[in-house]
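Asks: Sharing a structure with you now.
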Protein chains: 4
Amino acid sequence: MTNDSKLWGGRFTADTDSFVEEFTASVGFDARLYAQDIAGSIAHANMLSQVGVLTVAERDDIVNALGSIRQEIEDGKFDWSVGLEDVHMNIEARLTQLIGETGKKLHTGRSRNDQVATDIRLYMCAAIDALTAQIDELLATLLNQAEQHKSTVMPGFTHLQTAQPITFGHHLLAWFEMLLRDRERLADCRKRTNHSPLGAAALAGTTFPIDRDQTARELGFAAICENSLDAVSDRDFAIEFCACASMTMLHFSRWCEELVLWSCQQFGFIELSDSYCTGSSIMPQKKNPDVPELIRGKYGRVAGHLFGLMSLMKSQPLAYNKDNQEDKEPLFDSIDTLRDCLTAMTGLLAEMTVNKATMAAAAEAGFATATDLADYLVVKGVAFRDAHECVGQAVAFAIEAKRSLSELTLTELQRFNQAIGEDVFAVLTLSGSVNARDHFGGTAPAQVAAAIARARHKLAEF
Amino acid sequence: MTNDSKLWGGRFTADTDSFVEEFTASVGFDARLYAQDIAGSIAHANMLSQVGVLTVAERDDIVNALGSIRQEIEDGKFDWSVGLEDVHMNIEARLTQLIGETGKKLHTGRSRNDQVATDIRLYMCAAIDALTAQIDELLATLLNQAEQHKSTVMPGFTHLQTAQPITFGHHLLAWFEMLLRDRERLADCRKRTNHSPLGAAALAGTTFPIDRDQTARELGFAAICENSLDAVSDRDFAIEFCACASMTMLHFSRWCEELVLWSCQQFGFIELSDSYCTGSSIMPQKKNPDVPELIRGKYGRVAGHLFGLMSLMKSQPLAYNKDNQEDKEPLFDSIDTLRDCLTAMTGLLAEMTVNKATMAAAAEAGFATATDLADYLVVKGVAFRDAHECVGQAVAFAIEAKRSLSELTLTELQRFNQAIGEDVFAVLTLSGSVNARDHFGGTAPAQVAAAIARARHKLAEF
Amino acid sequence: MTNDSKLWGGRFTADTDSFVEEFTASVGFDARLYAQDIAGSIAHANMLSQVGVLTVAERDDIVNALGSIRQEIEDGKFDWSVGLEDVHMNIEARLTQLIGETGKKLHTGRSRNDQVATDIRLYMCAAIDALTAQIDELLATLLNQAEQHKSTVMPGFTHLQTAQPITFGHHLLAWFEMLLRDRERLADCRKRTNHSPLGAAALAGTTFPIDRDQTARELGFAAICENSLDAVSDRDFAIEFCACASMTMLHFSRWCEELVLWSCQQFGFIELSDSYCTGSSIMPQKKNPDVPELIRGKYGRVAGHLFGLMSLMKSQPLAYNKDNQEDKEPLFDSIDTLRDCLTAMTGLLAEMTVNKATMAAAAEAGFATATDLADYLVVKGVAFRDAHECVGQAVAFAIEAKRSLSELTLTELQRFNQAIGEDVFAVLTLSGSVNARDHFGGTAPAQVAAAIARARHKLAEF
Amino acid sequence: MTNDSKLWGGRFTADTDSFVEEFTASVGFDARLYAQDIAGSIAHANMLSQVGVLTVAERDDIVNALGSIRQEIEDGKFDWSVGLEDVHMNIEARLTQLIGETGKKLHTGRSRNDQVATDIRLYMCAAIDALTAQIDELLATLLNQAEQHKSTVMPGFTHLQTAQPITFGHHLLAWFEMLLRDRERLADCRKRTNHSPLGAAALAGTTFPIDRDQTARELGFAAICENSLDAVSDRDFAIEFCACASMTMLHFSRWCEELVLWSCQQFGFIELSDSYCTGSSIMPQKKNPDVPELIRGKYGRVAGHLFGLMSLMKSQPLAYNKDNQEDKEPLFDSIDTLRDCLTAMTGLLAEMTVNKATMAAAAEAGFATATDLADYLVVKGVAFRDAHECVGQAVAFAIEAKRSLSELTLTELQRFNQAIGEDVFAVLTLSGSVNARDHFGGTAPAQVAAAIARARHKLAEF
């Protein structure tokens with residue numbers, strides 16, 4: 001495209017190199033902002049007419065034509081041009097094509113710098129709303145599974161060693177808490193995103209008597225960016241969103257690690273649905289947990305985007321620099337990845353089968369109730385450190401004897417501490433252990449039920 | 001140290017390898033948590049006595065001895081031992097040394113897993129409070145400089161090319177906005193940090209009838225972690241803090257880039273104080289802006305910590321794993337770095353000298369008022385796109401003629417558009433340009449003054 | 001697609017969920033490996049026939065049909081199916097469609113695990129060769145510009161403060177050195193990439209009497225992966241490539257920072273070609289250095305990919321896991337980005353105009369020859385530290401007097417050191433300063449010319 | 001410290017702020033370069049005397065005094081001063097204190113910019129040599145374990161699902177290959193590090209007739225940095241080293257993930273030595289694999305440093321900027337971390353116990369020989385894809401029947417394919433399966449033995 005056809009070509013003598021045109025164009029990825037771009041232009045036109053810069057007739061022409069353009073785009077009939085660089089110039093050029101001279105008046109009192117910032121912020125707010133709805137669905141799925149398994153006993157692990165018996169419902173509620181924080185972080189990010197940069201123009205504001213309140217209100221922004229330089233140069237919201245998304249993906253990497261572990265032959269705690277697994281091209285017996293593996297892997301993708309975006313902004317002087325064009329692809333891909341992973345995770349959890357017997361058998365192994373024995377001794381008057389020491393010795397003895405603690409005789413147990421009595425065997429059972437952790441946040445089924453109730457209440461209030 | 005002397009040695013037959021002892025010990029860096037650790041232990045002992053697990057006398061012995069230990073530490077008389085691994089075991093061992101058997105009862109109903117989580121969260125809340133106070137001081141410094149320079153004209157840049165005249169005060173207020181968001185993000189992070197994990201014990205809660213509300217209240221936590229597994233495995237708050245700190249450092253990298261630029265011979269906009277610069281070992285004339293350069297460089301340090309922490313948590317199954325011990329050094333170093341950079345930045349800005357004449361001369365160059373000319377034409381009835389085009393041609397002509405727009409004659413200007421009249425020359429002045437951007441968020445001195453007033457009001461309300 | 005139609009469906013009862021099919025498919029991005037995949041299959045078929053697993057007729061059928069498939073793909077007539085997951089299954093299914101039963105024999109003795117590793121390694125070797133050729137072109141461009149400017153004097157900067165006069169050719173040769181290291185690193189990376197994984201099968205090798213040497217030779221690999229588990233799980237080469245690419249992009253971020261700086265009104269050292277710049281939608285006078293800004297920004301993109309890939313592999317147990325499917329998009333995008341940036345950078349440098357007078361004037365300012373004065377005093381017998389000190393005082397005096405060192409009178413200069421004589425003024429000139437640094441690697445035009453000669457020699461030997 | 005006492009204070013009027021003095025000082029961490037700094041100074045003094053800038057007597061005074069200073073430092077008697085900023089100024093100031101005027105001559109013809117670059121490069125070369133020796137020890141440890149377990153059968157995993165039987169020795173050799181690449185990468189990095197920057201002075205070289213060849217030779221450098229600007233601004237070697245170290249830590253995160261998995265109750269494949277594990281403060285039965293967990297966690301630390309260093313250099317204009325001072329801490333910590341992890345990993349592997357029976361039993365489960373059955377059918381004339389399909393169905397049947405493939409009767413097996421005969425049962429055994437993968441790189445014990453022999457040969461040649 002020659003510079004004569006460019007909307008900024010007046011001062012240039014040589015045309016843009018055709019490779020450079022491709023290299024610098026963003027329309028390949030920013031076209032997805034079309035709806036926000038058009039909404040922003042309509043609000044701008046309405047405001048310009050309100051303050052007398054456009055006549056009502058001009059405003060109407062612009063608004064109607066922008067509506068037609070939106071339709072053309074949604075019908076796949078819009079002819080995107082790389083030579084016109086970006087979504088903004090493509091739409092403005094088409095507007096002028098449709099309504100002539102009046103189209104050239106739309107860009108009065110604004111710049112692409114505030115325009116693109118407005119578009120992205122609008123897009124982000126909508127994206128956060130959609131993701132939040134998906135999170136709520138996943139939270140509900142977690143609660144349903146937790147409800148079903150509030151008394152299902154499994155081994156709790158620390159250092160991947162059997163630690164103490166817990167309920168599977170309790171474990172799922174730990175995931176619930178993580179995701180709840182993610183939801184809250186997204187809301188906080190949205191709060192800072194939902195400010196209108198429109199009216200900042202190139203960087204300093206404009207000489208036209210614009211009404212930034214009106215455009216902000218029409219577009220649904222809660223506030224106005226207070227400083228025009230900051231308005232066009234700020235990409236905090238993109239970085240903050242990617243940080244939020246990375247955190248969720250980090251949580252998912254942890255959940256998926258567990259799903260993969262629990263699905264392996266050695267654990268056998270759960271079985272994933274056939275419809276969420278695939279096979280091997282060579283090994284006929286394989287049923288692979290591809291979906292959790294892939295989600296786990298996608299953490300890297302989103303975290304990479306976060307670091308890419310941060311690197312992008314490092315050392316940039318004010319105000320807008322072209323580097324910022326690189327903000328969109330990582331941001332959009334982060335949104336899409338999070339959206340897909342939320343969908344996948346929700347289906348995965350809804351359709352997972354739990355092998356209760358295997359979980360319970362695993363909890364029996366590994367001396368999971370050793371702490372209960374120590375606590376029992378404390379109740380009998382032994383200081384905790386001493387109780388810990390003598391239970392440690394009992395465990396060493398039992399390992400040697402290849403028996404569990406509850407398989408030791410009373411006499412054998414008493415060898416380690418005389419305070420042990422017949423009542424010790426109730427303490428060493430899984431149900432005894434689990435039920436005993438009966439305080440706020442503990443693993444006792446009663447507490448898990450209470451936690452589910454609190455959680456359902458929260459969900460209902462969203 | 002032999003396992004006999006370790007507080008968990010009961011079940012082990014071989015002693016820890018001495019290299020391993022050093023390798024796995026954390027006391028070298030977690031000793032800084034001593035005050036929080038002792039406060040947490042006191043709250044725990046108070047609660048244990050309240051619910052009848054400790055007698056009042058035992059509680060008093062413990063609380064008094066813990067007070068003495070704090071004093072020993074603060075007097076530099078405490079003998080830290082690597083063999084005792086961490087701050088928790090060092091203090092507990094000393095407690096038992098001081099008060100014998102009763103000391104061994106303190107760890108009843110808790111684990112190092114909830115203990116360390118409690119310590120760090122308490123430490124983080126205090127750190128955030130201190131950093132916030134420093135931010136407020138820097139915000140105030142910015143406002144003072146902005147006040148002084150609300151009418152100081154400088155060139156505003158986009159793409160580091162002269163764009164439009166702005167005021168230096170307006171530029172500083174852009175920095176103010178960035179830092180204000182940072183402050184808000186820290187507050188949001190603190191909100192999520194300020195939950196008590198105490199009582200989660202190893203991972204599942206405890207069999208003792210603990211009162212988690214009481215310890216949370218005594219320690220000043222606003223809420224209680226709802227799930228015991230999450231309580232011991234969650235490090236979101238550390239990651240979120242480092243994300244907040246990275247964002248501030250990212251902003252500082254941008255500010256410092258500008259300070260370095262503005263200090264160079266080519267710009268000459270500002271002069272940094274001698275007391276914030278150093279010289280060269282070889283070049284006698286050098287006065288280097290070391291402080292902003294170093295702050296700019298320290299962005300990498302903090303961003304590296306964020307990435308390190310995220311990598312640390314990736315794919316970790318629940319609940320606590322030893323990997324997490326690696327959370328502290330990057331977290332503490334991020335806090336310290338942010339603290340020092342806030343101090344340095346505040347001093348740097350307070351003592352900077354502004355070369356108004358150089359700034360104004362720079363704003364005169366580079367056709368900074370070309371947009372004003374285009375806007376002028378719009379007011380005269382030319383469509384903006386056409387106005388843009390003919391001003392572009394006028395600029396090309398002026399570059400060729402080596403003159404500024406205001407140095408062209410009216411006849412020359414009219415060659416590009418007949419609508420131009422004698423009144424154009426007022427539009428082409430710096431003060432005309434700056435004053436014309438007179439709307440919310442714009443660069444007009446009146447708007448800058450209003451923005452400062454709003455900002456002072458906000459600061460006053462913190 | 002139902003599992004009946006899948007090439008691994010035998011053991012499954014439920015069909016893959018359609019969302020999951022999309023979510024787990026890779027054909028959208030791995031189709032670009034088609035040529036390598038077909039080459040690998042042909043080599044495999046040739047070898048299978050050589051060792052008697054396929055008949056010559058079967059081999060010929062397979063090889064011919066694979067040739068037709070390649071043609072279909074290159075003609076845009078191939079019907080890619082998401083249900084068939086990836087490039088491998090798409091091609092294999094089409095093969096069987098074309099030649100029936102024989103097509104089902106191709107996968108004997110291999111797995112997608114070794115197949116995809118083979119494809120990527122072949123693709124990478126070719127990509128590295130293409131990028132190296134581009135690097136050579138950029139190196140040659142740098143030498144041409146250096147040749148033209150081997151005597152062009154500009155200020156050398158440290159801390160962005162004027163330090164000492166240098167030649168612009170010398171500066172460009174610093175860039176040459178960076179890029180030369182990048183070239184060498186790519187060659188080292190290629191050396192480790194160029195190993196054949198084919199024959200590792202799923203992870204353990206195969207029961208068929210395969211000849212891994214033959215396939216490696218036919219495909220042009222220099223060596224064979226020594227261990228089958230490592231062969232299918234290793235992605236070091238992808239990470240190492242992204243590290244190499246990140247380093248080049250890091251260098252480019254530094255070069256572009258300088259190009260942007262030098263293009264700004266305050267520096268004015270160079271002018272970029274109109275064909276490599278774009279304008280502003282609002283400010284008619286703007287000519288923005290978009291290309292260097294965008295390249296600078298693209299550093300973040302590639303560095304983000306590096307960190308994404310590293311995060312991907314963290315904590316993955318052997319051997320192949322589905323997570324690895326996420327390796328391709330960041331890798332391919334890094335290759336494409338580096339390719340485009342090399343093209344852009346070469347054009348940018350070839351067409352840049354240098355403002356020699358502005359550079360020289362800038363070198364005159366800032367006391368650039370103060371070190372020469374100190375060195376002069378050393379030759380007169382003053383110890384360097386003392387010389388440094390008294391020149392520092394002379395500079396302080398000159399700043400106060402608003403004069404340069406060479407504008408001070410001999411008497412004034414002697415006030416700072418009596419050893420100064422009439423001959424000092426030759427030392428204080430730019431040409432005196434530059435020519436005096438006449439040793440290997442120094443900035444004297446003679447040394448720059450020698451360095452260019454050495455560099456041309458190296459380039460010629462590649 | 002007042003500027004009068006600073007070695008560059010001549011031109012300054014105000015003293016450095018005391019906070020700034022602390023903030024900008026590097027002696028706290030660069031003192032570890034003292035030996036390299038002194039060696040560099042001695043080489044510089046020798047060369048200066050050779051070219052006539054110093055007399056022989058001056059040279060001798062300097063060299064002797066530098067030797068005494070080294071001794072003072074090693075005896076812990078050197079008085080490091082923060083006011084003197086860094087290791088270089090501390091040593092130079094002490095030199096002048098010791099020998100007076102002559103000491104002030106040492107800095108003739110050099111700058112701290114080339115001095116520090118020289119110091120770090122020397123330090124890095126030595127560090128790489130030491131790390132390489134440690135790698136060799138770990139490689140040897142791997143071979144010893146592999147030798148012992150070349151016939152020990154375990155399940156090979158893909159997607160953490162049982163895939164095919166392999167030998168444990170074969171698995172360890174996969175680790176060997178990873179580490180071998182790491183060793184090679186370090187050697188490549190050393191090659192690029194081992195260039196002498198000395199003589200580049202501040203950035204442009206010096207006016208003295210220095211002999212860069214001589215200093216490079218004396219210091220053991222293999223080459224001389226070709227360009228003085230690049231010599232002082234290049235930190236590629238630090239980044240490349242951290243990339244190498246990150247890759248090794250990434251490998252270790254994978255190994256450690258497996259060690260942790262294999263140590264858990266569910267797998268039980270190995271037992272780590274008591275001396276490499278620690279206990280729990282609350283759970284008496286716990287024996288935690290702290291060392292592999294901690295190493296896994298330390299990946300994040302080193303990867304964070306890599307990212308930090310890259311961020312540090314992004315967008316830095318030439319030549320030296322103060323930002324670069326931030327290069328040392330991440331670099332030194334990466335070296336130290338890698339060193340400790342190599343030590344820990346070597347001990348961990350040397351002392352690990354393997355539970356052969358558990359491994360073998362696990363390999364029996366999970367239909368590990370299903371591929372062997374498919375291959376068997378291919379030999380019987382069935383096309384691989386068809387063989388895969390019918391074995392898949394046989395597996396589905398066996399899962400339903402809760403039996404393994406070898407527990408099915410011949411009649412049952414023939415239901416899926418008539419080609420199956422009595423000889424199938426040999427194919428379905430673990431030893432049959434493992435021994436059948438008998439080609440270069442395969443898991444057959446004979447191949448593992450051959451691979452060990454090749455590996456020993458390589459190690460012997462290092």
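Lettering and numbering for the structure tokens are positional, with chains as A, B, ... in the shown order, residues counted from 1 in each chain, and ligands counted from 1 in the shown order.
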Set the distance at 9 Å and use only C-alpha atoms: which residues neighbour His439 in chain A once local chain neighbours fewer than 6 positions away are removed? I'd like the list as a count of residues only.
Replies: 10
Asks: Enumerate as a list in words the residues belonging to chain A that approach chain C to within 6 Å, with only C-alpha atoms taken into account.
Replies: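 Residues passing the distance filter: Trp8, Ala14, Asp15, Thr16, Asp17, Ser111, Asp274, Ser275, Gly279, Ser280, Ser281, Ile282, Asp290, Glu293, Leu294, Gly297, Gly300, Arg301, Gly304, His305, Phe307, Gly308, Ser311, Leu312, Lys322 and Asp323 of chain A.
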Asks: Those same residues - N, CA, C and O atoms - I'd like them written as a CSV table (one decimal), in the first residue's frame.
Replies:
chain,number,residue,atom,x,y,z
A,8,TRP,N,-1.9,8.3,7.7
A,8,TRP,CA,-1.0,9.2,8.4
A,8,TRP,C,0.2,9.6,7.4
A,8,TRP,O,1.2,10.0,7.8
A,14,ALA,N,8.9,8.4,1.2
A,14,ALA,CA,9.1,7.0,0.7
A,14,ALA,C,7.9,6.1,1.3
A,14,ALA,O,7.5,6.3,2.4
A,15,ASP,N,7.5,5.1,0.5
A,15,ASP,CA,6.5,4.2,1.0
A,15,ASP,C,7.1,3.2,2.0
A,15,ASP,O,8.3,3.0,2.0
A,16,THR,N,6.2,2.6,2.8
A,16,THR,CA,6.7,1.6,3.7
A,16,THR,C,7.1,0.4,2.9
A,16,THR,O,6.4,0.0,2.0
A,17,ASP,N,8.2,-0.2,3.3
A,17,ASP,CA,8.7,-1.4,2.7
A,17,ASP,C,7.6,-2.5,2.9
A,17,ASP,O,7.0,-2.5,4.0
A,111,SER,N,-6.8,9.5,19.7
A,111,SER,CA,-5.7,8.9,19.0
A,111,SER,C,-5.8,7.4,19.1
A,111,SER,O,-6.6,6.9,19.9
A,274,ASP,N,-12.9,-42.4,30.1
A,274,ASP,CA,-12.4,-42.7,28.8
A,274,ASP,C,-12.5,-41.5,27.8
A,274,ASP,O,-11.5,-41.3,27.0
A,275,SER,N,-13.5,-40.8,28.0
A,275,SER,CA,-13.7,-39.7,27.0
A,275,SER,C,-12.7,-38.5,27.3
A,275,SER,O,-12.7,-37.6,26.5
A,279,GLY,N,-5.2,-42.9,23.6
A,279,GLY,CA,-4.3,-44.1,23.6
A,279,GLY,C,-3.0,-43.8,23.0
A,279,GLY,O,-2.6,-42.7,22.8
A,280,SER,N,-2.3,-44.9,22.8
A,280,SER,CA,-0.9,-44.8,22.3
A,280,SER,C,-0.9,-45.4,20.9
A,280,SER,O,-1.6,-46.3,20.5
A,281,SER,N,0.0,-44.8,20.0
A,281,SER,CA,0.1,-45.3,18.7
A,281,SER,C,0.8,-46.7,18.6
A,281,SER,O,0.7,-47.4,17.6
A,282,ILE,N,1.5,-47.0,19.7
A,282,ILE,CA,2.2,-48.3,19.6
A,282,ILE,C,1.8,-49.3,20.7
A,282,ILE,O,1.7,-50.5,20.5
A,290,ASP,N,-4.1,-37.7,29.2
A,290,ASP,CA,-3.6,-36.6,28.4
A,290,ASP,C,-4.1,-35.2,28.9
A,290,ASP,O,-3.4,-34.2,28.9
A,293,GLU,N,-2.3,-33.9,31.9
A,293,GLU,CA,-0.9,-33.6,31.5
A,293,GLU,C,-0.8,-32.4,30.7
A,293,GLU,O,0.1,-31.5,30.9
A,294,LEU,N,-1.7,-32.2,29.8
A,294,LEU,CA,-1.7,-31.1,28.9
A,294,LEU,C,-1.9,-29.8,29.7
A,294,LEU,O,-1.3,-28.8,29.4
A,297,GLY,N,1.1,-28.9,31.5
A,297,GLY,CA,2.0,-28.3,30.6
A,297,GLY,C,1.7,-26.9,30.2
A,297,GLY,O,2.6,-26.0,30.0
A,300,GLY,N,3.2,-23.6,31.7
A,300,GLY,CA,4.4,-22.9,31.2
A,300,GLY,C,4.1,-21.9,30.1
A,300,GLY,O,4.7,-20.8,30.1
A,301,ARG,N,3.1,-22.2,29.4
A,301,ARG,CA,2.7,-21.3,28.3
A,301,ARG,C,2.2,-19.9,28.9
A,301,ARG,O,2.7,-18.8,28.5
A,304,GLY,N,5.0,-18.2,30.8
A,304,GLY,CA,5.9,-17.6,29.8
A,304,GLY,C,5.3,-16.2,29.2
A,304,GLY,O,6.1,-15.3,29.1
A,305,HIS,N,4.0,-16.2,29.0
A,305,HIS,CA,3.4,-14.9,28.6
A,305,HIS,C,3.6,-13.8,29.6
A,305,HIS,O,3.8,-12.7,29.3
A,307,PHE,N,5.9,-13.5,31.8
A,307,PHE,CA,7.3,-13.0,31.8
A,307,PHE,C,7.6,-12.2,30.5
A,307,PHE,O,8.4,-11.3,30.5
A,308,GLY,N,7.0,-12.7,29.4
A,308,GLY,CA,7.2,-12.0,28.2
A,308,GLY,C,6.6,-10.5,28.3
A,308,GLY,O,7.3,-9.6,27.9
A,311,SER,N,8.8,-8.4,30.6
A,311,SER,CA,10.1,-8.0,29.9
A,311,SER,C,9.8,-6.9,28.8
A,311,SER,O,10.6,-6.0,28.6
A,312,LEU,N,8.6,-7.0,28.2
A,312,LEU,CA,8.2,-6.0,27.2
A,312,LEU,C,8.2,-4.6,27.8
A,312,LEU,O,8.6,-3.6,27.1
A,322,LYS,N,6.0,1.6,20.4
A,322,LYS,CA,5.5,0.6,19.6
A,322,LYS,C,5.6,-0.8,20.2
A,322,LYS,O,4.9,-1.7,19.8
A,323,ASP,N,6.6,-0.9,21.1
A,323,ASP,CA,6.8,-2.2,21.7
A,323,ASP,C,5.5,-2.8,22.2
A,323,ASP,O,5.3,-4.0,22.2
Asks: Where in range 68-224 of chain C does DSSP assign alpha helix (DSSP H), given as an NGL selection string?
Replies: :C and (68-74 or 87-99 or 112-148 or 168-193 or 212-219)
Asks: As an MDAnalysis selection string, which residues of range 62-202 of chain A does DSSP assign to strand (DSSP E)?
Replies: chainID A and resid 153:158 161:167 195:196
Asks: Could you save the residues just selected, with N, CA and C atoms, as a PDB file, in the first residue's frame?
Replies:
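What landed in again.pdb:
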ATOM      1  N   VAL A 153     -12.143 -41.922  53.011  1.00  0.00           N
ATOM      2  CA  VAL A 153     -10.825 -41.757  53.627  1.00  0.00           C
ATOM      3  C   VAL A 153      -9.710 -42.078  52.630  1.00  0.00           C
ATOM      4  N   MET A 154      -8.709 -41.258  52.637  1.00  0.00           N
ATOM      5  CA  MET A 154      -7.513 -41.487  51.804  1.00  0.00           C
ATOM      6  C   MET A 154      -6.298 -41.087  52.628  1.00  0.00           C
ATOM      7  N   PRO A 155      -5.110 -41.480  52.191  1.00  0.00           N
ATOM      8  CA  PRO A 155      -3.950 -40.993  52.925  1.00  0.00           C
ATOM      9  C   PRO A 155      -3.680 -39.542  52.564  1.00  0.00           C
ATOM     10  N   GLY A 156      -3.453 -38.721  53.572  1.00  0.00           N
ATOM     11  CA  GLY A 156      -2.939 -37.374  53.311  1.00  0.00           C
ATOM     12  C   GLY A 156      -1.430 -37.474  53.218  1.00  0.00           C
ATOM     13  N   PHE A 157      -0.838 -36.707  52.314  1.00  0.00           N
ATOM     14  CA  PHE A 157       0.603 -36.791  52.103  1.00  0.00           C
ATOM     15  C   PHE A 157       1.297 -35.489  52.483  1.00  0.00           C
ATOM     16  N   THR A 158       2.469 -35.625  53.077  1.00  0.00           N
ATOM     17  CA  THR A 158       3.434 -34.525  53.029  1.00  0.00           C
ATOM     18  C   THR A 158       4.716 -35.161  52.532  1.00  0.00           C
ATOM     19  N   GLN A 161       4.963 -38.673  51.245  1.00  0.00           N
ATOM     20  CA  GLN A 161       4.943 -39.798  52.170  1.00  0.00           C
ATOM     21  C   GLN A 161       3.605 -39.782  52.900  1.00  0.00           C
ATOM     22  N   THR A 162       3.083 -40.961  53.167  1.00  0.00           N
ATOM     23  CA  THR A 162       1.846 -41.030  53.927  1.00  0.00           C
ATOM     24  C   THR A 162       2.029 -40.283  55.241  1.00  0.00           C
ATOM     25  N   ALA A 163       1.122 -39.358  55.510  1.00  0.00           N
ATOM     26  CA  ALA A 163       1.265 -38.515  56.691  1.00  0.00           C
ATOM     27  C   ALA A 163       0.174 -38.855  57.712  1.00  0.00           C
ATOM     28  N   GLN A 164      -1.057 -38.521  57.361  1.00  0.00           N
ATOM     29  CA  GLN A 164      -2.191 -38.779  58.252  1.00  0.00           C
ATOM     30  C   GLN A 164      -3.406 -39.053  57.378  1.00  0.00           C
ATOM     31  N   PRO A 165      -4.363 -39.809  57.879  1.00  0.00           N
ATOM     32  CA  PRO A 165      -5.578 -40.037  57.080  1.00  0.00           C
ATOM     33  C   PRO A 165      -6.355 -38.737  56.939  1.00  0.00           C
ATOM     34  N   ILE A 166      -6.882 -38.515  55.772  1.00  0.00           N
ATOM     35  CA  ILE A 166      -7.775 -37.370  55.555  1.00  0.00           C
ATOM     36  C   ILE A 166      -8.972 -37.861  54.756  1.00  0.00           C
ATOM     37  N   THR A 167      -9.938 -36.993  54.555  1.00  0.00           N
ATOM     38  CA  THR A 167     -11.032 -37.387  53.661  1.00  0.00           C
ATOM     39  C   THR A 167     -10.765 -36.767  52.283  1.00  0.00           C
ATOM     40  N   HIS A 195     -11.176   1.200  34.125  1.00  0.00           N
ATOM     41  CA  HIS A 195     -11.044   2.669  34.082  1.00  0.00           C
ATOM     42  C   HIS A 195     -10.942   3.095  32.618  1.00  0.00           C
ATOM     43  N   SER A 196     -11.564   4.188  32.301  1.00  0.00           N
ATOM     44  CA  SER A 196     -11.578   4.629  30.912  1.00  0.00           C
ATOM     45  C   SER A 196     -10.383   5.502  30.538  1.00  0.00           C
TER      46      SER A 196
END
Asks: What does the distance between CA of Leu219 in chain D and CA of Cys125 in chain D come to in Å, to one decimal place?
Replies: 11.2 Å
Asks: Do you know which residues are at most 10 Å from Phe78 in chain D counting only C-alpha atoms, after dropping those on the same chain fewer than 6 positions away, and could you put them as a count of residues only?
Replies: 7
Asks: With only C-alpha atoms as the counted atoms, please give the residues lying no more than 9 Å from Phe416 in chain C, apart from itself and same-chain residues fewer than 4 positions off, as a list in words.
Replies: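 Returned residues: Cys390, Val391, Gln393, Ala394, Glu412 and Ile420 of chain C.
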Asks: Mind giving me the straight-line distance from CA of Ala117 in chain B to CA of Gly432 in chain A in Å, one decimal?
Replies: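 CA of Ala117 in chain B sits 27.2 Å away from CA of Gly432 in chain A.
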Asks: Need the shell around His170 in chain D: protein/DNA/RNA residues with any atom at most 8 Å away, counting only C-alpha atoms. Skip same-chain ones fewer than 6 positions apart. Format as number ranges by chain?
Replies: C: 227, 229; D: 146, 150, 443, 448
Asks: Enter the distance from CA of Ala436 in chain A to CA of Leu408 in chain A, in Å, rounded to one decimal.
Replies: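 Interatomic distance here is 21.7 Å.
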Asks: Set the distance at 7 Å and use only C-alpha atoms: which residues neighbour range 180-191 of chain C once local chain neighbours fewer than 3 positions away are removed? I'd like the list as number ranges by chain.
Replies: C: 125, 128, 132, 176-177, 194, 237, 240-241, 244, 248
